[in-house]
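Remarks on the structure that follows.
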Amino acid sequence: MRRTRLVLLLCKTCIAFTAPAFAQTDPQDIIDELRQSALAELDSQSLGAGYAAMVSFAVSPDISAATFYPDSGSDVQDARLKAYRLPYRYTFNREREGGHVFVEGLLAYQTLDAGFAIDTNESVASDWRTWGGSVSLGYETPLSERLSLFAAVTAGFARLENRAHYDGLIAETYLRLAFEGIVFDWFADANIVGGSISAEYQRPWRGFDLEIRGGFTDHYISSTDASSPTLEFSANVLAFDVDFSAVHPTSLKLGNTPLAAVFLAGNTTFLGEHRNALDFNSFYEIGAAIEADVSARNWKIKKLRLGLKLIYGAHVDGWSMVLGHSF
């Protein structure tokens with residue numbers, strides 16, 4: 001989105017310069033000039049990094065359902081990022097002592113909506129859609145009774161699409177034709193490969209069950225098919241995540257199901273050269289949840305968790321739903 005904003009700011013200058021001459025100039029010449037200006041501004045490496053960040057963010061398994069409101073500046077109106085993720089992990093021979101092999105599948109869907117003010121009564125409303133999935137194969141190594149180390153490799157696929165709505169005579173007549181297929185109204189498919197390493201620490205403390213998890217994820221994302229050669233990209237996206245939870249039993253029950261109170265906190269930080277590709281490079285989460293102990297029901301799932309977290313950080317805020325389970 002950062003690169004899109006730069007293109008539109010450049011086109012503001014073009015429009016301001018050419019507006020008095022619209023009536024005397026061949027419309028196709030204006031469209032060609034705007035398109036060439038956009039192509040000159042669209043650096044494939046920077047553009048690719050922004051799209052790669054969206055893909056990498058979409059396949060992160062750490063958030064189940066979240067809404068972000070990036071502060072992208074006065075030129076971007078009502079920016080909103082929604083991310084939905086459905087992860088599932090299976091651990092082989094869980095009852096056996098020592099290390100364990102695990103496999104994790106993930107389905108993800110993400111939307112990014114934003115409006116761009118071009119001139120008085122002239123604007124473009126755009127939405128990006130990303131969906132895909134990934135499979136990770138990993139190994140869990142217990143380092144002590146309370147500390148475990150996880151390492152995994154990941155492969156996946158994602159599809160990105162963009163659609164735009166133009167409001168105003170100039171936007172509809174000139175910008176739509178100039179930007180179609182290069183800035184807006186395009187698609188791209190991408191492959192995802194990468195790896196992660198993380199640690200998990202658990203211990204009881206004064207009636208609480210504490211758990212902290214943290215780790216690094218590195219994804220290499222490259223386009224395999226795109227509606228235009230200018231949309232082909234490849235980039236590395238590196239992120240650090242840390243999550244903390246404290247669970248305390250309560251006297252409350254839902255039927256015969258014991259309930260516990262959960263305090264939640266966490267941080268996600270994007271690292272590397274293109275860490276600001278989404279207009280924010282870090283955010284914090286804090287919230288609470290209710291956890292139901294369903295182990296007496298002889299289900300494979302032992303605990304269910306439902307709650308809400310607030311998201312805040314430099315240039316972003318929002319909220320996320322906590323929809324968790326454990327075996």
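By order in the structure tokens, chains are A, B, ...; within a chain, residues start at 1; ligands start at 1, following the order shown.
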Problem - Nearby residues (only C-alpha atoms) at most 8 Å from Phe184 of chain A, same-chain spacing under 4 positions excluded, as number ranges by chain - result: A: 126, 162-164, 179-180
Can I get the selected residues back with N, CA, C and O atoms, as a PDB file, in the first residue's frame?
```
ATOM      1  N   SER A 126     -10.017   0.875  -3.124  1.00  0.00           N
ATOM      2  CA  SER A 126      -9.380  -0.361  -3.572  1.00  0.00           C
ATOM      3  C   SER A 126      -9.449  -1.419  -2.478  1.00  0.00           C
ATOM      4  O   SER A 126      -9.437  -1.103  -1.286  1.00  0.00           O
ATOM      5  N   ASN A 162      -6.707  -7.830  -6.662  1.00  0.00           N
ATOM      6  CA  ASN A 162      -7.034  -6.436  -6.354  1.00  0.00           C
ATOM      7  C   ASN A 162      -8.185  -5.980  -7.246  1.00  0.00           C
ATOM      8  O   ASN A 162      -8.234  -6.323  -8.431  1.00  0.00           O
ATOM      9  N   ARG A 163      -9.089  -5.231  -6.624  1.00  0.00           N
ATOM     10  CA  ARG A 163     -10.184  -4.608  -7.363  1.00  0.00           C
ATOM     11  C   ARG A 163     -10.279  -3.154  -6.942  1.00  0.00           C
ATOM     12  O   ARG A 163     -10.007  -2.821  -5.782  1.00  0.00           O
ATOM     13  N   ALA A 164     -10.673  -2.280  -7.848  1.00  0.00           N
ATOM     14  CA  ALA A 164     -10.757  -0.854  -7.544  1.00  0.00           C
ATOM     15  C   ALA A 164     -12.066  -0.275  -8.056  1.00  0.00           C
ATOM     16  O   ALA A 164     -12.598  -0.721  -9.083  1.00  0.00           O
ATOM     17  N   PHE A 179      -4.303   2.886 -14.829  1.00  0.00           N
ATOM     18  CA  PHE A 179      -3.804   2.025 -13.759  1.00  0.00           C
ATOM     19  C   PHE A 179      -4.227   0.577 -13.883  1.00  0.00           C
ATOM     20  O   PHE A 179      -3.716  -0.285 -13.164  1.00  0.00           O
ATOM     21  N   GLU A 180      -5.173   0.289 -14.758  1.00  0.00           N
ATOM     22  CA  GLU A 180      -5.719  -1.058 -14.842  1.00  0.00           C
ATOM     23  C   GLU A 180      -4.617  -2.088 -15.154  1.00  0.00           C
ATOM     24  O   GLU A 180      -3.861  -1.940 -16.100  1.00  0.00           O
TER      25      GLU A 180
END
```
Practice task
For Ala288 of chain A, please output as a ChimeraX atom specification all residues within 9 Å (counting only C-alpha atoms; exclusion window: fewer than 4 positions along the same chain).
Solution key: /A:261-265,306-309,322
Handout entry: Glu145 of chain A environment, 12 Å, only C-alpha atoms, sequence neighbours closer than 3 positions dropped, as a list of chain:residue names
Key =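 In the requested format, the answer is A:Glu97, A:Gly98, A:Thr141, A:Pro142, A:Ser148, A:Leu149, A:Glu200, A:Tyr201, A:Gln202, A:Arg203.
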Handout entry: Nearby residues (only C-alpha atoms) at most 12 Å from Leu175 of chain A, same-chain spacing under 6 positions excluded, as a ChimeraX atom specification
Key = /A:7-8,11-12,14-15,27-28,30-38,118-119,122-124,164-169,181-185
Practice task
Check the smallest atom-to-atom distance from each of A:Phe283, A:Asn256, A:Leu310, A:Gly272 to Ala296 of chain A using only C-alpha atoms, then report the winner.
Solution key: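 The answer is A:Asn256, which sits nearest to Ala296 of chain A.
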Problem - Polymer residues at most 8 Å from segment 129-136 of chain A, only C-alpha atoms, same-chain spacing of 2 or more positions, as a list in words - result: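 Selected residues are Met54, Val55, Ala58, Val59, Val103, Glu104, Gly105, Leu106, Leu107, Ala108, Tyr109, Gln110, Thr111, Leu112, Asp127, Gly138, Ala152, Val153, Thr154, Ala155, Gly156, Phe157, Ala158, Arg159, Leu160, Glu161, Asn162 and Ile192 of chain A.
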Handout entry: Selected residue, from A:Ile311, A:Leu143, A:Ile221, A:Ile212, that lies nearest to Phe68 of chain A when counting only C-alpha atoms
Key =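 Selected residue with least distance to Phe68 of chain A: A:Ile311.
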Handout entry: DSSP strand (DSSP E or B) residues within segment 24-256 of chain A, listed as a PyMOL selection string
Key = chain A and resi 65-70+76-91+100-119+122-142+147-167+180+184+186-205+208-226+234-254
Exercise for the section: Between A:Ser64, A:Ala117, A:Arg96, A:Asp225, single out the one closest to Lys82 of chain A, counting only C-alpha atoms. Expected result: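 Among the listed residues, the smallest separation from Lys82 of chain A belongs to A:Ser64.
Shortest separation to Tyr84 of chain A among A:Ala40, A:Ser320, A:Ser144, A:Ile286 occurs at residue A:Ser320, atoms counted being only C-alpha atoms.
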